[in-house]
$ cat coords_34.txt   # compact mmCIF, C-alpha atoms
# COMPACT_ATOMS: atom_id res chain seq x y z
CA MET A 23 139.95 33.07 19.20
CA ALA A 24 136.22 32.42 19.65
CA SER A 25 135.63 35.85 21.16
CA THR A 26 137.51 37.48 18.28
CA GLN A 27 135.21 35.80 15.79
CA LEU A 28 132.10 36.89 17.65
CA SER A 29 133.13 40.53 18.09
CA PRO A 30 132.47 41.90 14.56
CA PRO A 31 128.85 40.63 14.40
CA ARG A 32 128.18 42.10 17.83
CA THR A 33 129.72 45.39 16.75
CA ARG A 34 127.61 45.49 13.59
CA ALA A 35 124.48 44.63 15.56
CA SER A 36 125.22 47.39 18.06
CA ALA A 37 125.85 49.90 15.25
CA ARG A 38 122.53 48.99 13.62
CA SER A 39 120.73 49.34 16.94
CA TRP A 40 122.24 52.77 17.61
CA ALA A 41 121.32 53.85 14.08
CA ALA A 42 117.74 52.80 14.80
CA VAL A 43 117.77 54.73 18.09
CA LEU A 44 119.04 57.84 16.30
CA THR A 45 116.26 57.47 13.74
CA LEU A 46 113.71 57.40 16.57
CA ALA A 47 115.30 60.61 17.85
CA ALA A 48 114.74 62.09 14.37
CA ALA A 49 111.06 61.10 14.65
CA THR A 50 110.65 62.83 18.03
CA PHE A 51 112.50 65.83 16.57
CA ALA A 52 110.04 66.02 13.67
CA VAL A 53 106.87 65.80 15.76
CA VAL A 54 108.05 68.21 18.48
CA THR A 55 109.31 70.76 15.95
CA SER A 56 105.97 70.57 14.14
CA GLU A 57 104.16 70.91 17.45
CA MET A 58 106.14 73.89 18.75
CA LEU A 59 106.86 75.72 15.49
CA PRO A 60 103.96 78.17 15.98
CA VAL A 61 105.65 79.45 19.17
CA GLY A 62 108.29 81.25 17.11
CA LEU A 63 105.81 82.32 14.41
CA LEU A 64 102.83 83.53 16.49
CA PRO A 65 103.07 87.26 15.63
CA SER A 66 103.22 86.81 11.84
CA LEU A 67 100.76 83.90 11.84
CA ALA A 68 98.25 85.89 13.89
CA ARG A 69 98.69 88.97 11.67
CA ASP A 70 98.27 87.12 8.37
CA LEU A 71 95.22 85.14 9.50
CA HIS A 72 93.65 88.12 11.33
CA VAL A 73 93.46 86.64 14.84
CA SER A 74 94.86 87.74 18.22
CA ALA A 75 98.07 86.30 19.68
CA GLY A 76 96.02 84.44 22.28
CA THR A 77 93.79 82.92 19.60
CA ALA A 78 96.83 81.98 17.53
CA GLY A 79 98.05 80.08 20.60
CA LEU A 80 95.31 77.54 19.84
CA THR A 81 97.71 76.17 17.20
CA VAL A 82 99.69 74.80 20.16
CA THR A 83 96.75 74.08 22.48
CA LEU A 84 94.62 71.96 20.12
CA PRO A 85 97.40 69.59 18.98
CA GLY A 86 98.26 69.00 22.62
CA LEU A 87 94.67 68.05 23.46
CA VAL A 88 94.41 65.70 20.49
CA ALA A 89 97.80 64.19 21.30
CA ALA A 90 96.65 63.57 24.86
CA ALA A 91 93.72 61.50 23.57
CA ALA A 92 95.69 59.78 20.80
CA ALA A 93 98.56 58.68 23.05
CA PRO A 94 96.62 56.07 25.06
CA LEU A 95 94.20 55.16 22.25
CA LEU A 96 96.61 54.53 19.39
CA PRO A 97 98.50 51.64 21.08
CA VAL A 98 95.11 50.06 21.81
CA VAL A 99 93.89 50.46 18.22
CA ALA A 100 97.18 49.28 16.72
CA ARG A 101 97.95 46.79 19.45
CA ARG A 102 99.16 43.96 17.17
CA ALA A 103 100.66 46.11 14.40
CA ASP A 104 104.41 46.22 13.87
CA ARG A 105 105.71 49.38 15.56
CA ARG A 106 107.91 50.21 12.56
CA THR A 107 104.82 50.30 10.32
CA VAL A 108 102.91 52.44 12.82
CA LEU A 109 105.74 54.98 13.11
CA CYS A 110 106.18 55.25 9.34
CA ALA A 111 102.45 55.85 8.86
CA LEU A 112 102.43 58.53 11.56
CA LEU A 113 105.38 60.40 10.01
CA LEU A 114 103.70 60.34 6.58
CA LEU A 115 100.54 61.75 8.17
CA LEU A 116 102.68 64.43 9.85
CA ALA A 117 104.14 65.41 6.46
CA ALA A 118 100.63 65.77 5.03
CA ALA A 119 99.45 67.82 8.03
CA ASP A 120 102.41 70.21 7.84
CA LEU A 121 101.83 70.67 4.10
CA LEU A 122 98.15 71.44 4.72
CA THR A 123 99.20 73.98 7.36
CA ALA A 124 101.51 75.66 4.85
CA TYR A 125 98.68 76.03 2.32
CA ALA A 126 95.86 76.81 4.79
CA PRO A 127 93.79 79.70 3.35
CA ALA A 128 92.10 80.52 6.67
CA PHE A 129 92.54 79.94 10.39
CA PRO A 130 89.90 77.14 10.70
CA VAL A 131 91.68 75.14 7.98
CA LEU A 132 94.98 75.62 9.76
CA LEU A 133 93.44 74.37 13.02
CA ALA A 134 92.15 71.25 11.22
CA ALA A 135 95.68 70.54 10.01
CA ARG A 136 97.00 71.06 13.52
CA LEU A 137 94.52 68.47 14.83
CA LEU A 138 96.20 65.92 12.53
CA VAL A 139 99.56 67.00 13.95
CA GLY A 140 98.18 66.17 17.39
CA VAL A 141 97.38 62.59 16.32
CA CYS A 142 100.98 62.19 15.16
CA ILE A 143 102.45 63.67 18.33
CA GLY A 144 100.49 61.38 20.64
CA GLY A 145 101.13 58.29 18.55
CA VAL A 146 104.87 58.81 18.08
CA TRP A 147 105.44 59.57 21.76
CA ALA A 148 103.43 56.59 22.96
CA VAL A 149 105.19 54.15 20.62
CA ALA A 150 108.75 55.53 20.40
CA ALA A 151 109.29 56.34 24.08
CA GLY A 152 109.66 52.71 25.12
CA LEU A 153 111.53 51.38 22.09
CA GLY A 154 115.01 52.39 23.22
CA VAL A 155 115.11 49.56 25.75
CA ARG A 156 114.01 47.09 23.06
CA LEU A 157 116.65 48.16 20.59
CA LEU A 158 119.46 48.33 23.17
CA PRO A 159 118.52 46.34 26.27
CA GLY A 160 120.74 46.06 29.32
CA PRO A 161 123.29 48.68 30.40
CA SER A 162 122.74 50.82 27.29
CA ALA A 163 118.97 51.10 27.75
CA GLY A 164 119.14 54.33 29.77
CA ARG A 165 121.40 56.03 27.23
CA ALA A 166 119.21 54.82 24.37
CA THR A 167 116.12 56.35 26.01
CA ALA A 168 118.02 59.62 26.52
CA VAL A 169 118.99 59.66 22.84
CA VAL A 170 115.38 59.05 21.74
CA PHE A 171 114.26 61.99 23.87
CA SER A 172 117.16 64.15 22.70
CA GLY A 173 115.09 64.77 19.60
CA ILE A 174 112.84 66.93 21.79
CA ALA A 175 115.76 69.09 22.93
CA VAL A 176 117.27 69.30 19.44
CA ALA A 177 113.88 70.47 18.21
CA SER A 178 114.29 73.46 20.53
CA VAL A 179 117.90 74.05 19.42
CA LEU A 180 117.57 73.55 15.67
CA GLY A 181 113.97 72.92 14.68
CA VAL A 182 112.03 75.82 16.20
CA PRO A 183 114.81 78.46 15.81
CA ALA A 184 115.51 77.38 12.22
CA GLY A 185 111.80 77.41 11.43
CA THR A 186 111.48 80.84 13.07
CA LEU A 187 114.41 82.12 11.01
CA LEU A 188 112.96 80.71 7.78
CA GLY A 189 109.58 82.18 8.68
CA SER A 190 111.08 85.64 9.26
CA VAL A 191 112.91 85.52 5.91
CA ALA A 192 110.44 83.76 3.61
CA GLY A 193 107.18 83.68 5.58
CA TRP A 194 105.67 81.30 8.10
CA ARG A 195 104.13 79.09 5.39
CA TRP A 196 107.58 78.14 4.09
CA ALA A 197 108.57 77.05 7.61
CA PHE A 198 105.74 74.52 7.71
CA ALA A 199 106.45 73.39 4.13
CA ALA A 200 110.05 72.69 5.15
CA MET A 201 108.81 70.61 8.08
CA ALA A 202 106.62 68.60 5.71
CA GLY A 203 109.73 67.67 3.74
CA CYS A 204 111.58 66.80 6.94
CA ALA A 205 108.77 64.51 8.15
CA PHE A 206 108.64 62.74 4.79
CA ALA A 207 112.41 62.13 4.90
CA VAL A 208 112.20 60.75 8.44
CA ALA A 209 109.41 58.37 7.39
CA GLY A 210 111.65 56.95 4.66
CA THR A 211 114.57 56.62 7.05
CA LEU A 212 112.44 54.81 9.62
CA ALA A 213 111.35 52.30 6.97
CA ALA A 214 114.97 51.68 5.95
CA VAL A 215 116.70 51.60 9.35
CA LEU A 216 114.28 50.25 11.96
CA PRO A 217 114.12 46.47 12.34
CA PRO A 218 110.73 44.75 12.56
CA LEU A 219 109.22 45.62 15.94
CA PRO A 220 106.14 43.48 16.58
CA ALA A 221 104.02 44.41 19.57
CA GLU A 222 105.33 42.63 22.67
CA ARG A 223 102.33 43.00 24.96
CA PRO A 224 99.15 44.22 23.24
CA VAL A 225 97.83 47.23 25.16
CA ARG A 226 94.22 47.08 26.33
CA LEU A 227 92.17 49.92 27.81
CA GLY A 228 91.89 47.97 31.06
CA ALA A 229 95.63 48.34 31.63
CA PHE A 230 95.36 52.08 32.33
CA PRO A 231 93.11 51.96 35.47
CA GLY A 232 95.43 49.33 36.92
CA LEU A 233 98.45 51.55 36.40
CA LEU A 234 96.69 54.54 37.93
CA ARG A 235 96.04 52.54 41.10
CA ARG A 236 99.80 52.40 41.73
CA PRO A 237 100.90 55.31 44.01
CA PRO A 238 104.32 55.85 42.34
CA VAL A 239 102.61 56.11 38.94
CA ARG A 240 100.01 58.58 40.23
CA ARG A 241 102.64 60.71 41.90
CA ALA A 242 104.87 60.81 38.82
CA LEU A 243 101.98 61.71 36.51
CA ALA A 244 100.74 64.47 38.85
CA ALA A 245 104.22 65.99 38.97
CA VAL A 246 104.53 65.84 35.17
CA ALA A 247 101.12 67.48 34.76
CA LEU A 248 101.98 70.40 37.03
CA LEU A 249 105.53 70.88 35.80
CA VAL A 250 104.77 70.77 32.08
CA THR A 251 101.68 72.97 32.45
CA GLY A 252 103.80 75.51 34.29
CA HIS A 253 106.57 75.36 31.71
CA PHE A 254 104.29 75.88 28.72
CA THR A 255 102.25 78.56 30.48
CA ALA A 256 105.44 80.61 30.52
CA TYR A 257 107.40 79.33 27.52
CA THR A 258 104.67 79.59 24.87
CA TYR A 259 104.67 83.37 25.40
CA VAL A 260 108.32 83.86 26.37
CA ARG A 261 109.09 85.83 23.20
CA PRO A 262 106.93 88.85 24.21
CA VAL A 263 108.51 88.68 27.67
CA LEU A 264 112.04 88.83 26.25
CA GLN A 265 111.13 91.66 23.87
CA ARG A 266 110.22 93.91 26.81
CA ALA A 267 113.91 94.58 27.54
CA PRO A 268 115.23 97.78 25.93
CA GLY A 269 117.25 97.09 22.77
CA THR A 270 116.08 93.47 22.52
CA GLY A 271 115.25 92.93 18.86
CA ALA A 272 114.22 89.84 16.92
CA THR A 273 117.82 88.79 16.29
CA LEU A 274 118.80 88.87 19.97
CA VAL A 275 115.62 87.03 21.00
CA SER A 276 116.37 84.30 18.44
CA ALA A 277 119.91 84.02 19.81
CA LEU A 278 118.58 83.71 23.37
CA LEU A 279 116.15 80.98 22.32
CA LEU A 280 118.99 79.17 20.56
CA GLY A 281 121.00 79.26 23.79
CA TYR A 282 117.96 77.92 25.63
CA GLY A 283 117.80 75.02 23.21
CA LEU A 284 121.52 74.22 23.51
CA ALA A 285 121.14 74.14 27.27
CA GLY A 286 118.14 71.83 26.79
CA VAL A 287 120.24 69.30 24.86
CA ALA A 288 122.77 69.22 27.70
CA GLY A 289 119.94 68.99 30.22
CA ASN A 290 118.49 65.96 28.44
CA PHE A 291 121.64 63.92 29.05
CA VAL A 292 122.27 65.36 32.52
CA GLY A 293 118.69 64.50 33.44
CA GLY A 294 119.13 60.99 32.05
CA ALA A 295 122.24 60.47 34.18
CA LEU A 296 120.48 61.75 37.31
CA ALA A 297 117.39 59.65 36.61
CA ALA A 298 119.49 56.50 36.32
CA ARG A 299 120.32 56.93 40.02
CA ASP A 300 117.04 58.24 41.43
CA PRO A 301 114.29 59.41 39.01
CA ARG A 302 112.05 60.87 41.73
CA ARG A 303 114.80 62.98 43.27
CA ALA A 304 115.99 64.08 39.82
CA LEU A 305 112.50 65.23 38.81
CA ARG A 306 112.07 67.12 42.09
CA LEU A 307 115.37 68.95 41.53
CA LEU A 308 114.49 69.85 37.94
CA ALA A 309 111.06 71.17 38.97
CA ALA A 310 112.54 73.31 41.75
CA VAL A 311 115.20 74.80 39.48
CA LEU A 312 112.73 75.49 36.67
CA GLY A 313 110.22 77.14 38.99
CA GLY A 314 112.93 79.27 40.60
CA VAL A 315 114.44 80.59 37.39
CA VAL A 316 111.07 81.37 35.80
CA LEU A 317 110.08 83.31 38.93
CA LEU A 318 113.36 85.24 38.82
CA LEU A 319 112.63 86.24 35.22
CA VAL A 320 109.86 88.51 36.53
CA PRO A 321 112.29 91.13 37.94
CA ALA A 322 115.12 90.23 35.51
CA SER A 323 113.21 90.42 32.22
CA GLY A 324 114.25 94.06 31.76
CA SER A 325 117.92 93.06 31.50
CA PRO A 326 118.95 91.08 28.40
CA VAL A 327 122.03 89.68 30.19
CA LEU A 328 120.20 88.45 33.29
CA ALA A 329 117.29 87.19 31.22
CA GLY A 330 119.73 85.28 28.99
CA VAL A 331 121.45 83.60 31.96
CA LEU A 332 118.12 82.59 33.48
CA LEU A 333 116.87 81.34 30.12
CA MET A 334 119.92 79.04 29.86
CA ALA A 335 119.20 77.66 33.34
CA TRP A 336 115.57 77.18 32.33
CA GLY A 337 116.62 75.21 29.25
CA LEU A 338 119.02 73.06 31.27
CA ALA A 339 116.29 72.16 33.76
CA TYR A 340 113.50 71.55 31.27
CA GLY A 341 115.76 69.57 28.94
CA GLY A 342 115.89 66.78 31.51
CA VAL A 343 112.17 66.60 32.26
CA SER A 344 111.06 64.20 29.50
CA VAL A 345 113.75 61.54 29.94
CA THR A 346 113.58 61.76 33.74
CA SER A 347 109.80 61.36 33.77
CA GLN A 348 109.90 58.48 31.28
CA ASN A 349 112.56 56.64 33.31
CA GLY A 350 110.58 57.19 36.49
CA LEU A 351 107.39 55.78 34.99
CA SER A 352 109.24 52.82 33.48
CA ALA A 353 110.64 52.01 36.92
CA ALA A 354 107.18 52.36 38.49
CA ALA A 355 105.52 50.07 35.91
CA PRO A 356 108.12 47.59 34.58
CA HIS A 357 105.39 45.07 33.68
CA ALA A 358 103.58 47.47 31.29
CA PRO A 359 106.15 49.72 29.56
CA GLU A 360 104.10 50.74 26.51
CA ALA A 361 100.96 51.42 28.54
CA ALA A 362 103.03 53.56 30.94
CA SER A 363 104.55 55.42 27.98
CA ALA A 364 101.06 56.01 26.56
CA LEU A 365 99.83 57.43 29.89
CA PHE A 366 102.94 59.58 30.13
CA ALA A 367 102.44 60.96 26.61
CA GLY A 368 98.75 61.60 27.28
CA VAL A 369 99.39 63.54 30.49
CA PHE A 370 102.37 65.38 29.00
CA ASN A 371 100.42 66.60 25.99
CA THR A 372 97.37 67.53 28.04
CA ALA A 373 99.72 69.66 30.11
CA ILE A 374 101.16 71.29 26.97
CA ALA A 375 97.64 72.21 25.88
CA LEU A 376 96.63 73.52 29.31
CA GLY A 377 99.84 75.49 29.60
CA ALA A 378 99.44 77.12 26.18
CA LEU A 379 95.77 77.88 26.93
CA THR A 380 96.55 79.32 30.38
CA GLY A 381 99.40 81.39 29.01
CA GLY A 382 97.19 82.72 26.22
CA ARG A 383 94.47 83.85 28.61
CA LEU A 384 97.05 85.50 30.88
CA ALA A 385 98.87 87.12 27.94
CA ASP A 386 95.61 88.61 26.63
CA GLY A 387 94.62 89.68 30.18
CA PRO A 388 96.99 90.53 33.06
CA GLY A 389 100.08 90.35 30.84
CA PRO A 390 103.60 88.82 30.73
CA THR A 391 104.35 89.14 34.45
CA ALA A 392 101.33 86.99 35.32
CA VAL A 393 102.40 84.46 32.67
CA LEU A 394 105.77 84.00 34.39
CA ALA A 395 104.39 84.02 37.93
CA VAL A 396 101.74 81.35 37.29
CA GLY A 397 104.19 79.18 35.35
CA ALA A 398 106.71 79.34 38.17
CA ALA A 399 104.09 78.57 40.84
CA LEU A 400 102.95 75.42 39.02
CA ALA A 401 106.54 74.19 38.60
CA LEU A 402 107.31 74.73 42.29
CA LEU A 403 104.11 72.89 43.22
CA ALA A 404 105.34 69.98 41.07
CA ALA A 405 108.52 69.87 43.16
CA LEU A 406 106.40 69.56 46.30
CA VAL A 407 104.25 66.80 44.82
CA THR A 408 107.33 64.86 43.70
CA GLY A 409 108.79 65.04 47.18
CA ARG A 410 105.63 63.72 48.85
CA ARG A 411 105.38 60.01 49.59
CA GLU A 412 101.99 58.26 49.53
$ encode --input "coords_34.txt" --output "structure tokens"
Amino acid sequence: MASTQLSPPRTRASARSWAAVLTLAAATFAVVTSEMLPVGLLPSLARDLHVSAGTAGLTVTLPGLVAAAAAPLLPVVARRADRRTVLCALLLLLAAADLLTAYAPAFPVLLAARLLVGVCIGGVWAVAAGLGVRLLPGPSAGRATAVVFSGIAVASVLGVPAGTLLGSVAGWRWAFAAMAGCAFAVAGTLAAVLPPLPAERPVRLGAFPGLLRRPPVRRALAAVALLVTGHFTAYTYVRPVLQRAPGTGATLVSALLLGYGLAGVAGNFVGGALAARDPRRALRLLAAVLGGVVLLLVPASGSPVLAGVLLMAWGLAYGGVSVTSQNGLSAAAPHAPEAASALFAGVFNTAIALGALTGGRLADGPGPTAVLAVGAALALLAALVTGRRE
């Protein structure tokens, strides 16, 4: 009888916790969609603002660099602030930055708005990445973390393709205006659904050198840096690669990118399941698969069918990278979860920026084949680094 009386409160508490986790996933969806939206809009954005495709790629590079700096600094600056308040403020700032992007009269103004997006990306990643285990501790912690990171994969499936579609129909400015509305709605939902989340262990700058002295942390961060740089070297400019195939128009490319995103959602949960057993081995496998399929795209890019199959495999592999890396770092630094998340977010976003910058230089120089080859080489090197023991 006693257990029957206790069951409904536990059920309600669990439902509230899962609702909060889903809201965090919406926050990661909003920041990653805002971050990656220019990927699908580069040609029209570059044309309207009178810059080259490589220069337009700075709209991805600069937010990544700012996010890399903001990720470790924001938890230090807001070390005693309630995490719910911090997340709400960041989503409101994101809404303002996306709105400024939509109304930017010139490329420098747009870049200034994208710098604000970078602050939001770094802050949300650093804070939200470790909250799943607080909201649902115990056996559900791994699934909660996977759900939080599923927002990244859903951004690829729904956010970027939907924004690309809206941009092709109504113009790229409307795509960013729509994201401003989305970010504002997520901020309101966070305020309503998240419970109070006071800082558990205030993060100090001195925590980061201590973490970097741990070999498992160094190895995991090096693998993330190489793998994510390789991925974004190739993926930021994958649209021109896909358009090389005869008969591959904008509609087919959008469909292929949608399939990539769907595979990424599946990969997020597959990666989470693999990481629960052995994060290091899971990350090594994902890096090897990603590097292999990107390399195979070099000879296969002329065939829409083969390119589509490889793109699905690419999405499946990359979809598991974020949750696998986060789980690996959490296991390597259980005493400092938020500091580890901040380092992870900083390295991840630095790699996004380096990848977009490298891809841009290669796209404007040697061309799409070099973009794929360099991206694949970096991913395969990440697999080697992950397999090495210090």
$ residues_around --input "coords_34.txt" --residues "Ala242 of chain A" --least-positions-apart "2" --cutoff "8 Å" --atoms "all atoms listed in the file" --output "PDB file with C-alpha atoms, in the coordinates of the input"
ATOM      1  CA  PRO A 238     104.320  55.850  42.340  1.00  0.00           C
ATOM      2  CA  VAL A 239     102.610  56.110  38.940  1.00  0.00           C
ATOM      3  CA  ARG A 240     100.010  58.580  40.230  1.00  0.00           C
ATOM      4  CA  ALA A 244     100.740  64.470  38.850  1.00  0.00           C
ATOM      5  CA  ALA A 245     104.220  65.990  38.970  1.00  0.00           C
ATOM      6  CA  VAL A 246     104.530  65.840  35.170  1.00  0.00           C
ATOM      7  CA  ARG A 302     112.050  60.870  41.730  1.00  0.00           C
ATOM      8  CA  SER A 347     109.800  61.360  33.770  1.00  0.00           C
ATOM      9  CA  GLY A 350     110.580  57.190  36.490  1.00  0.00           C
ATOM     10  CA  LEU A 351     107.390  55.780  34.990  1.00  0.00           C
ATOM     11  CA  THR A 408     107.330  64.860  43.700  1.00  0.00           C
TER      12      THR A 408
END
$ atom_distance --input "coords_34.txt" --atom1 "atom CA of Ala385 of chain A" --atom2 "atom CA of Leu400 of chain A"
16.6 Å
$ atom_distance --input "coords_34.txt" --atom1 "atom CA of Thr123 of chain A" --atom2 "atom CA of Ala192 of chain A"
15.4 Å
$ closest_residue --input "coords_34.txt" --among "A:Thr391, A:Thr45, A:Ser56, A:Ser352" --to "Ala322 of chain A" --atoms "only C-alpha atoms"
A:Thr391
$ closest_residue --input "coords_34.txt" --among "A:Leu365, A:Leu59, A:Pro65, A:Asp70" --to "Ala247 of chain A" --atoms "only C-alpha atoms"
A:Leu365
$ atom_distance --input "coords_34.txt" --atom1 "atom CA of Ala111 of chain A" --atom2 "atom CA of Ala89 of chain A"
15.7 Å
$ closest_residue --input "coords_34.txt" --among "A:Ala335, A:Val149, A:Val43, A:Val54" --to "Val82 of chain A" --atoms "only C-alpha atoms"
A:Val54
$ closest_residue --input "coords_34.txt" --among "A:Ala151, A:Leu307, A:Leu71, A:Leu63" --to "Thr167 of chain A" --atoms "all atoms listed in the file"
A:Ala151
$ closest_residue --input "coords_34.txt" --among "A:Ala103, A:Ala202, A:Ala48, A:Ala399" --to "Leu219 of chain A" --atoms "only C-alpha atoms"
A:Ala103
$ closest_residue --input "coords_34.txt" --among "A:Ala395, A:Ala401, A:Leu216, A:Met201" --to "Ala117 of chain A" --atoms "all atoms listed in the file"
A:Met201
$ residues_around --input "coords_34.txt" --residues "Val169 of chain A" --least-positions-apart "3" --cutoff "9 Å" --atoms "all atoms listed in the file" --output "list of chain:residue names"
A:Val43, A:Leu44, A:Leu46, A:Ala47, A:Gly154, A:Gly164, A:Arg165, A:Ala166, A:Ser172, A:Gly173, A:Asn290, A:Phe291
$ residues_around --input "coords_34.txt" --residues "segment 178-189 of chain A" --least-positions-apart "4" --cutoff "7 Å" --atoms "all atoms listed in the file" --output "compact mmCIF listing (two decimals) with C-alpha atoms, in the frame of the given file"
# COMPACT_ATOMS: atom_id res chain seq x y z
CA THR A 55 109.31 70.76 15.95
CA MET A 58 106.14 73.89 18.75
CA LEU A 59 106.86 75.72 15.49
CA GLY A 62 108.29 81.25 17.11
CA LEU A 63 105.81 82.32 14.41
CA ILE A 174 112.84 66.93 21.79
CA GLY A 193 107.18 83.68 5.58
CA TRP A 194 105.67 81.30 8.10
CA TRP A 196 107.58 78.14 4.09
CA ALA A 197 108.57 77.05 7.61
CA SER A 276 116.37 84.30 18.44
CA LEU A 280 118.99 79.17 20.56
CA GLY A 283 117.80 75.02 23.21
CA LEU A 284 121.52 74.22 23.51
$ build_atoms --input "coords_34.txt" --residues "segment 69-82 of chain A" --atoms "N, CA, C and O atoms" --output "short mmCIF file (atom, residue, chain, number, x, y, z; two decimals), keeping the file's coordinate frame"
data_model
loop_
_atom_site.label_atom_id
_atom_site.label_comp_id
_atom_site.auth_asym_id
_atom_site.auth_seq_id
_atom_site.Cartn_x
_atom_site.Cartn_y
_atom_site.Cartn_z
N ARG A 69 98.93 87.81 12.54
CA ARG A 69 98.69 88.97 11.67
C ARG A 69 98.12 88.54 10.32
O ARG A 69 97.13 89.11 9.84
N ASP A 70 98.71 87.52 9.71
CA ASP A 70 98.27 87.12 8.37
C ASP A 70 96.88 86.51 8.37
O ASP A 70 96.15 86.63 7.38
N LEU A 71 96.53 85.81 9.45
CA LEU A 71 95.22 85.14 9.50
C LEU A 71 94.19 85.94 10.30
O LEU A 71 93.10 85.45 10.57
N HIS A 72 94.57 87.17 10.72
CA HIS A 72 93.65 88.12 11.33
C HIS A 72 93.03 87.60 12.63
O HIS A 72 91.82 87.64 12.83
N VAL A 73 93.90 87.08 13.52
CA VAL A 73 93.46 86.64 14.84
C VAL A 73 94.41 87.24 15.87
O VAL A 73 95.51 87.69 15.55
N SER A 74 94.00 87.23 17.15
CA SER A 74 94.86 87.74 18.22
C SER A 74 95.96 86.74 18.54
O SER A 74 95.89 85.56 18.16
N ALA A 75 96.97 87.19 19.29
CA ALA A 75 98.07 86.30 19.68
C ALA A 75 97.54 85.17 20.55
O ALA A 75 97.98 84.02 20.44
N GLY A 76 96.59 85.48 21.44
CA GLY A 76 96.02 84.44 22.28
C GLY A 76 95.26 83.40 21.49
O GLY A 76 95.36 82.19 21.74
N THR A 77 94.50 83.85 20.47
CA THR A 77 93.79 82.92 19.60
C THR A 77 94.76 82.09 18.78
O THR A 77 94.57 80.88 18.59
N ALA A 78 95.82 82.72 18.29
CA ALA A 78 96.83 81.98 17.53
C ALA A 78 97.48 80.90 18.38
O ALA A 78 97.94 79.88 17.87
N GLY A 79 97.50 81.09 19.71
CA GLY A 79 98.05 80.08 20.60
C GLY A 79 97.29 78.77 20.57
O GLY A 79 97.80 77.74 21.02
N LEU A 80 96.07 78.79 20.01
CA LEU A 80 95.31 77.54 19.84
C LEU A 80 96.05 76.56 18.92
O LEU A 80 95.80 75.36 18.96
N THR A 81 96.94 77.06 18.07
CA THR A 81 97.71 76.17 17.20
C THR A 81 98.66 75.30 18.00
O THR A 81 99.18 74.31 17.48
N VAL A 82 98.92 75.65 19.25
CA VAL A 82 99.69 74.80 20.16
C VAL A 82 98.75 74.03 21.09
O VAL A 82 98.97 72.86 21.38
#
